[in-house]
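Shown below: start-v7.pdb, with PDB, C-alpha atoms.
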ATOM      1  CA  MET E   1     -19.608 -30.319  15.820
ATOM      2  CA  GLN E   2     -18.479 -33.895  15.526
ATOM      3  CA  VAL E   3     -17.857 -35.504  12.146
ATOM      4  CA  ASN E   4     -17.466 -39.225  11.569
ATOM      5  CA  THR E   5     -14.838 -40.252   9.070
ATOM      6  CA  THR E   6     -13.637 -43.682   8.030
ATOM      7  CA  ARG E   7     -10.032 -42.514   7.685
ATOM      8  CA  PHE E   8      -9.552 -40.212  10.667
ATOM      9  CA  GLY E   9     -12.156 -41.487  13.115
ATOM     10  CA  LYS E  10     -14.320 -38.925  14.887
ATOM     11  CA  ILE E  11     -13.098 -35.393  14.375
ATOM     12  CA  GLU E  12     -14.206 -32.158  15.961
ATOM     13  CA  ILE E  13     -14.702 -29.182  13.683
ATOM     14  CA  ALA E  14     -16.186 -25.715  14.071
ATOM     15  CA  GLU E  15     -19.283 -24.911  11.998
ATOM     16  CA  LYS E  16     -17.466 -21.961  10.457
ATOM     17  CA  GLU E  17     -15.006 -24.402   8.880
ATOM     18  CA  LEU E  18     -17.722 -26.010   6.760
ATOM     19  CA  ILE E  19     -17.547 -25.555   3.009
ATOM     20  CA  THR E  20     -20.758 -25.813   1.020
ATOM     21  CA  PHE E  21     -20.842 -27.222  -2.494
ATOM     22  CA  PRO E  22     -24.336 -26.181  -3.669
ATOM     23  CA  TRP E  23     -24.196 -28.661  -6.573
ATOM     24  CA  GLY E  24     -22.109 -31.231  -4.775
ATOM     25  CA  ILE E  25     -19.045 -32.624  -6.529
ATOM     26  CA  PRO E  26     -19.737 -34.593  -9.745
ATOM     27  CA  GLY E  27     -20.145 -38.226  -8.723
ATOM     28  CA  PHE E  28     -21.254 -37.134  -5.232
ATOM     29  CA  GLU E  29     -24.009 -34.672  -6.048
ATOM     30  CA  GLU E  30     -25.975 -35.442  -2.908
ATOM     31  CA  LEU E  31     -23.097 -34.445  -0.620
ATOM     32  CA  LYS E  32     -23.048 -30.687  -0.086
ATOM     33  CA  SER E  33     -20.920 -30.156   2.986
ATOM     34  CA  TYR E  34     -17.165 -30.636   3.289
ATOM     35  CA  VAL E  35     -14.293 -29.648   5.497
ATOM     36  CA  LEU E  36     -10.619 -29.187   4.619
ATOM     37  CA  LEU E  37      -8.224 -31.059   6.868
ATOM     38  CA  GLU E  38      -4.578 -30.138   7.025
ATOM     39  CA  TYR E  39      -2.138 -32.963   6.560
ATOM     40  CA  LYS E  40       1.205 -32.515   8.284
ATOM     41  CA  ASN E  41       2.805 -29.400   6.820
ATOM     42  CA  GLY E  42       1.359 -29.795   3.363
ATOM     43  CA  PRO E  43       1.346 -29.500   0.449
ATOM     44  CA  PHE E  44      -1.572 -31.935   0.535
ATOM     45  CA  GLN E  45      -4.853 -31.573   2.388
ATOM     46  CA  TRP E  46      -7.920 -33.774   2.686
ATOM     47  CA  LEU E  47     -11.320 -32.571   1.571
ATOM     48  CA  GLN E  48     -13.580 -34.643   3.806
ATOM     49  CA  SER E  49     -17.328 -35.004   3.362
ATOM     50  CA  VAL E  50     -19.197 -34.084   6.520
ATOM     51  CA  GLU E  51     -22.220 -36.149   5.481
ATOM     52  CA  GLU E  52     -20.568 -39.357   4.269
ATOM     53  CA  PRO E  53     -17.704 -40.694   6.411
ATOM     54  CA  SER E  54     -16.087 -42.642   3.574
ATOM     55  CA  VAL E  55     -15.875 -39.803   1.036
ATOM     56  CA  ALA E  56     -12.671 -37.783   1.096
ATOM     57  CA  PHE E  57     -10.357 -36.414  -1.567
ATOM     58  CA  VAL E  58      -6.676 -35.597  -1.419
ATOM     59  CA  VAL E  59      -6.251 -32.040  -2.697
ATOM     60  CA  CYS E  60      -3.291 -29.815  -3.427
ATOM     61  CA  ALA E  61      -2.733 -26.237  -4.527
ATOM     62  CA  PRO E  62      -1.906 -25.954  -8.243
ATOM     63  CA  ASP E  63       1.085 -23.705  -7.569
ATOM     64  CA  PHE E  64       2.807 -26.733  -6.048
ATOM     65  CA  LEU E  65       3.279 -27.789  -9.671
ATOM     66  CA  GLY E  66       3.749 -24.249 -10.903
ATOM     67  CA  MET E  67       0.268 -24.107 -12.423
ATOM     68  CA  ALA E  68      -2.153 -21.217 -12.121
ATOM     69  CA  TYR E  69      -5.790 -20.788 -13.084
ATOM     70  CA  SER E  70      -7.760 -17.702 -13.971
ATOM     71  CA  ALA E  71     -11.444 -18.336 -13.534
ATOM     72  CA  PRO E  72     -13.872 -16.632 -15.925
ATOM     73  CA  ASP E  73     -16.602 -14.445 -14.452
ATOM     74  CA  ALA E  74     -19.261 -17.081 -15.127
ATOM     75  CA  LYS E  75     -17.440 -19.451 -12.757
ATOM     76  CA  LYS E  76     -16.766 -16.740 -10.196
ATOM     77  CA  ASN E  77     -20.488 -15.982 -10.164
ATOM     78  CA  LEU E  78     -21.277 -19.599  -9.307
ATOM     79  CA  ILE E  79     -19.410 -19.220  -6.018
ATOM     80  CA  ASN E  80     -20.624 -15.637  -5.422
ATOM     81  CA  LEU E  81     -17.073 -14.346  -5.619
ATOM     82  CA  GLU E  82     -16.908 -10.621  -4.975
ATOM     83  CA  HIS E  83     -13.171 -10.171  -4.481
ATOM     84  CA  ASP E  84     -10.569 -12.070  -6.474
ATOM     85  CA  GLU E  85      -8.395 -12.459  -3.389
ATOM     86  CA  ASP E  86     -11.112 -14.667  -1.858
ATOM     87  CA  LEU E  87     -10.644 -17.298  -4.581
ATOM     88  CA  VAL E  88      -8.689 -20.404  -3.671
ATOM     89  CA  VAL E  89      -8.090 -23.142  -6.239
ATOM     90  CA  LEU E  90      -7.244 -26.729  -5.316
ATOM     91  CA  ASN E  91      -6.742 -29.781  -7.488
ATOM     92  CA  ILE E  92      -7.970 -33.245  -6.623
ATOM     93  CA  VAL E  93      -5.058 -35.648  -6.554
ATOM     94  CA  SER E  94      -5.410 -39.353  -7.143
ATOM     95  CA  PHE E  95      -3.069 -42.271  -7.049
ATOM     96  CA  ASN E  96      -2.430 -44.641  -9.893
ATOM     97  CA  ARG E  97      -1.737 -47.987  -8.221
ATOM     98  CA  ALA E  98      -0.368 -49.657 -11.329
ATOM     99  CA  GLN E  99       2.133 -46.908 -12.043
ATOM    100  CA  GLY E 100       2.694 -45.822  -8.455
ATOM    101  CA  ALA E 101       2.176 -42.305  -9.752
ATOM    102  CA  ILE E 102       0.475 -39.222  -8.422
ATOM    103  CA  ARG E 103      -2.066 -37.675 -10.726
ATOM    104  CA  PHE E 104      -3.296 -34.109 -10.519
ATOM    105  CA  HIS E 105      -6.806 -33.658 -11.903
ATOM    106  CA  VAL E 106      -5.730 -30.630 -13.878
ATOM    107  CA  LYS E 107      -8.910 -30.195 -15.933
ATOM    108  CA  SER E 108     -11.330 -30.183 -13.026
ATOM    109  CA  PRO E 109     -10.053 -27.725 -10.408
ATOM    110  CA  LEU E 110     -12.038 -27.005  -7.265
ATOM    111  CA  LEU E 111     -12.870 -23.331  -6.833
ATOM    112  CA  PHE E 112     -13.475 -21.989  -3.339
ATOM    113  CA  ASN E 113     -14.760 -18.677  -2.184
ATOM    114  CA  VAL E 114     -13.061 -18.414   1.203
ATOM    115  CA  ALA E 115     -15.278 -15.492   2.229
ATOM    116  CA  SER E 116     -18.629 -17.228   1.721
ATOM    117  CA  ARG E 117     -17.164 -20.770   1.996
ATOM    118  CA  ILE E 118     -18.801 -21.942  -1.209
ATOM    119  CA  GLY E 119     -17.140 -24.467  -3.481
ATOM    120  CA  TYR E 120     -17.624 -25.614  -7.059
ATOM    121  CA  GLN E 121     -15.744 -28.052  -9.245
ATOM    122  CA  TRP E 122     -14.989 -26.458 -12.580
ATOM    123  CA  THR E 123     -15.105 -29.109 -15.289
ATOM    124  CA  MET E 124     -13.062 -27.315 -17.894
ATOM    125  CA  GLU E 125     -13.955 -27.496 -21.566
ATOM    126  CA  ALA E 126     -11.051 -28.095 -23.937
ATOM    127  CA  ASP E 127     -11.324 -24.522 -25.187
ATOM    128  CA  GLU E 128     -11.205 -23.185 -21.636
ATOM    129  CA  LEU E 129      -7.800 -24.717 -20.924
ATOM    130  CA  LYS E 130      -6.202 -22.277 -23.284
ATOM    131  CA  GLY E 131      -6.315 -18.899 -21.648
ATOM    132  CA  HIS E 132      -7.422 -20.008 -18.186
ATOM    133  CA  LEU E 133      -4.644 -22.394 -17.222
ATOM    134  CA  THR E 134      -0.996 -21.427 -17.023
ATOM    135  CA  MET E 135       1.340 -24.393 -17.018
ATOM    136  CA  PRO E 136       4.874 -24.336 -15.611
ATOM    137  CA  SER E 137       7.318 -22.623 -17.931
ATOM    138  CA  GLY E 138       8.968 -25.022 -20.331
ATOM    139  CA  ASP E 139       5.848 -27.129 -20.559
ATOM    140  CA  PRO E 140       3.906 -26.392 -23.744
ATOM    141  CA  GLY E 141       0.574 -26.994 -22.039
ATOM    142  CA  ARG E 142       0.415 -30.698 -22.696
ATOM    143  CA  THR E 143      -2.736 -31.877 -21.030
ATOM    144  CA  GLU E 144      -3.550 -35.210 -22.601
TER     145      GLU E 144
ATOM    146  CA  MET Q   1     -38.673 -37.545 -22.963
ATOM    147  CA  LEU Q   2     -40.346 -34.501 -24.454
ATOM    148  CA  ILE Q   3     -39.345 -34.082 -28.082
ATOM    149  CA  LEU Q   4     -39.941 -30.803 -29.883
ATOM    150  CA  THR Q   5     -39.157 -29.813 -33.458
ATOM    151  CA  ARG Q   6     -37.369 -26.474 -33.826
ATOM    152  CA  LYS Q   7     -35.843 -24.534 -36.701
ATOM    153  CA  PRO Q   8     -32.588 -22.579 -36.512
ATOM    154  CA  GLY Q   9     -33.237 -19.373 -34.631
ATOM    155  CA  GLU Q  10     -36.126 -20.846 -32.673
ATOM    156  CA  SER Q  11     -35.988 -21.413 -28.940
ATOM    157  CA  ILE Q  12     -37.350 -23.507 -26.134
ATOM    158  CA  LEU Q  13     -38.065 -22.097 -22.698
ATOM    159  CA  ILE Q  14     -37.518 -24.263 -19.629
ATOM    160  CA  GLY Q  15     -39.414 -22.581 -16.867
ATOM    161  CA  ASP Q  16     -39.368 -18.864 -17.501
ATOM    162  CA  ASP Q  17     -35.655 -18.280 -17.050
ATOM    163  CA  ILE Q  18     -33.825 -20.883 -19.150
ATOM    164  CA  GLU Q  19     -33.823 -20.361 -22.896
ATOM    165  CA  VAL Q  20     -32.339 -22.902 -25.304
ATOM    166  CA  THR Q  21     -31.896 -21.613 -28.861
ATOM    167  CA  ILE Q  22     -30.989 -23.683 -31.901
ATOM    168  CA  THR Q  23     -28.462 -21.394 -33.532
ATOM    169  CA  SER Q  24     -27.418 -23.519 -36.513
ATOM    170  CA  ILE Q  25     -27.606 -27.028 -37.889
ATOM    171  CA  ASP Q  26     -25.620 -28.955 -40.425
ATOM    172  CA  GLN Q  27     -25.537 -32.623 -41.372
ATOM    173  CA  ASN Q  28     -24.509 -34.045 -38.011
ATOM    174  CA  LYS Q  29     -24.027 -31.074 -35.735
ATOM    175  CA  VAL Q  30     -26.416 -28.791 -33.956
ATOM    176  CA  ARG Q  31     -25.261 -25.604 -32.300
ATOM    177  CA  VAL Q  32     -27.251 -24.677 -29.267
ATOM    178  CA  GLY Q  33     -27.224 -21.410 -27.341
ATOM    179  CA  ILE Q  34     -28.245 -21.504 -23.703
ATOM    180  CA  LYS Q  35     -29.284 -18.523 -21.650
ATOM    181  CA  GLY Q  36     -30.007 -19.049 -17.980
ATOM    182  CA  PRO Q  37     -29.443 -17.742 -14.485
ATOM    183  CA  ALA Q  38     -25.777 -17.255 -13.587
ATOM    184  CA  HIS Q  39     -26.049 -19.645 -10.632
ATOM    185  CA  ILE Q  40     -26.922 -22.725 -12.710
ATOM    186  CA  PRO Q  41     -23.905 -24.604 -14.073
ATOM    187  CA  ILE Q  42     -24.140 -25.999 -17.598
ATOM    188  CA  TYR Q  43     -22.113 -28.996 -18.746
ATOM    189  CA  ARG Q  44     -21.474 -31.042 -21.824
ATOM    190  CA  GLU Q  45     -22.884 -34.402 -20.787
ATOM    191  CA  GLU Q  46     -19.885 -36.562 -21.673
ATOM    192  CA  LEU Q  47     -17.496 -34.202 -19.907
ATOM    193  CA  TYR Q  48     -19.594 -34.267 -16.749
ATOM    194  CA  ARG Q  49     -19.746 -38.097 -16.833
ATOM    195  CA  ARG Q  50     -15.983 -38.315 -17.168
ATOM    196  CA  ILE Q  51     -15.376 -36.024 -14.199
ATOM    197  CA  GLN Q  52     -17.912 -38.021 -12.164
ATOM    198  CA  LYS Q  53     -15.967 -41.183 -12.884
ATOM    199  CA  GLU Q  54     -12.618 -39.591 -12.059
ATOM    200  CA  ASN Q  55     -13.948 -38.138  -8.825
ATOM    201  CA  ARG Q  56     -15.412 -41.471  -7.741
ATOM    202  CA  ALA Q  57     -12.060 -43.131  -8.331
ATOM    203  CA  ALA Q  58     -10.179 -40.358  -6.521
ATOM    204  CA  ALA Q  59     -12.447 -40.575  -3.453
ATOM    205  CA  LEU Q  60     -11.511 -44.224  -2.927
ATOM    206  CA  ILE Q  61      -8.016 -43.281  -1.813
ATOM    207  CA  GLY Q  62      -7.219 -44.698   1.607
ATOM    208  CA  LYS Q  63      -5.158 -42.999   4.267
ATOM    209  CA  ASP Q  64      -2.469 -45.690   4.157
ATOM    210  CA  GLU Q  65      -2.384 -45.533   0.405
ATOM    211  CA  PHE Q  66      -1.977 -41.775   0.556
ATOM    212  CA  GLU Q  67       0.869 -42.124   3.008
ATOM    213  CA  SER Q  68       2.651 -44.625   0.811
ATOM    214  CA  LEU Q  69       2.145 -42.152  -2.027
ATOM    215  CA  LEU Q  70       3.898 -39.518   0.037
ATOM    216  CA  ASP Q  71       6.757 -41.906   0.739
ATOM    217  CA  ILE Q  72       7.216 -42.409  -2.973
ATOM    218  CA  TYR Q  73       7.138 -38.683  -3.409
ATOM    219  CA  SER Q  74       9.587 -37.765  -0.707
ATOM    220  CA  SER Q  75      12.055 -40.450  -1.763
ATOM    221  CA  GLY Q  76      12.144 -38.871  -5.211
ATOM    222  CA  ARG Q  77      10.992 -41.953  -7.077
ATOM    223  CA  GLN Q  78       8.028 -40.263  -8.662
ATOM    224  CA  GLY Q  79       9.463 -40.548 -12.150
ATOM    225  CA  ASP Q  80       8.622 -37.900 -14.684
ATOM    226  CA  GLY Q  81       6.214 -35.970 -12.551
ATOM    227  CA  PRO Q  82       2.489 -36.053 -12.257
ATOM    228  CA  ASP Q  83       0.312 -37.808 -14.717
ATOM    229  CA  ARG Q  84      -1.990 -35.293 -16.312
ATOM    230  CA  GLN Q  85      -5.646 -35.713 -16.815
TER     231      GLN Q  85
END
Exercise: express the given structure as structure tokens:
Amino acid sequence: MQVNTTRFGKIEIAEKELITFPWGIPGFEELKSYVLLEYKNGPFQWLQSVEEPSVAFVVCAPDFLGMAYSAPDAKKNLINLEHDEDLVVLNIVSFNRAQGAIRFHVKSPLLFNVASRIGYQWTMEADELKGHLTMPSGDPGRTE
Amino acid sequence: MLILTRKPGESILIGDDIEVTITSIDQNKVRVGIKGPAHIPIYREELYRRIQKENRAAALIGKDEFESLLDIYSSGRQGDGPDRQ
């Protein structure tokens, strides 16, 4: 199928590549269908909306920064996760123009079930950070 | 907005599968227990609003902007590392 995008023009993707966000992504609740686009050899990818050409996020695996998440069962249930090995976590990355700095959205990781291709953005409560997020060694878990 | 008066320990049913229980109250805090189907996400309102705002800002990133970001990154001028949320 063909997907229109403002950044990459018309792209051709297979239906099996589609990722469904049943609740959308906060701020874009009406958009349910996305596709992950590789960018060069990584570590970044684009998460492009299939329904809205102008909506795309830069995403990156948390292990690029040495972070790791462990999702609680309640979150795994939201994406119908049956096997832990089917869980892929990606962080939205944004760009701070003023500082010229890259920002990882650490507290709102995207959870994907690669088997059923369902996605959900986990908006982590302060008390969930402790115990579900492992920061790189040497960093005392500073998140604010 | 529907407004109901409840005492600690009393509940409200939304449909037949979402149960909201007032578990305790004190001067300016109410503790609420929520029981619902596993496939319905529950959020603190202000947290959800903040993530909405951050996502909307993140989705504005242009391709050229992203590429300039990568240039900064690969030239090692990224400073002290990523800015955390």
Close residues, range 107-114 of chain E itself excluded, 8 Å, only C-alpha atoms, min 6 positions apart in chain, as JSON, numbers by chain:
{"E": [79, 80, 81, 86, 87, 88, 89, 90, 91, 92, 120, 121, 122, 123, 124, 129], "Q": [51, 85]}
Check every residue of chain E for an atom within 10 Å of chain Q, counting all atoms listed in the file, and provide those that qualify as a PyMOL selection string.
chain E and resi 6-8+22-23+25-29+44+46-48+54-59+65+73-80+92-97+99-108+120-126+142-144
Residue neighbourhood Leu133 in chain E, 8 Å, only C-alpha atoms, exclusion window fewer than 3 positions, as a list of chain:residue names
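Skipping anything fewer than 3 positions along the chain leaves E:Met67, E:Ala68, E:Tyr69, E:Ser70, E:Glu128, E:Leu129, E:Lys130.
The interatomic distance for the pair CA of Ser137 in chain E and CA of Asp63 in chain E works out to 12.1 Å.
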Step by step, gather every atom of range 60-64 of chain Q that the file lists, find the box along x, y and z that holds them, add 3 Å on each side, and finally give centre and edge lengths in Å to one decimal, as lines of an AutoDock Vina configuration file.
center_x = -7.0
center_y = -44.3
center_z = 0.7
size_x = 15.0
size_y = 8.7
size_z = 13.2
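CA of Ile14 in chain Q is positioned 24.4 Å from CA of Asp26 in chain Q.
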How many Å lie between CA of Pro43 in chain E and CA of Asp71 in chain Q, rounded to one decimal?
13.5 Å
What's around Ile34 in chain Q at 9 Å? Count all atoms listed in the file, leave out sequence neighbours fewer than 5 positions away in its own chain, and write the answer as JSON, numbers by chain.
{"Q": [18, 19, 20, 21, 22, 42]}
Determine, counting only C-alpha atoms, which protein, DNA and RNA residues have an atom within 10 Å of an atom of range 9-15 of chain E; residues of the same chain fewer than 5 positions away are not included. Present the result as a ChimeraX atom specification.
/E:1-4,35-37,50,53
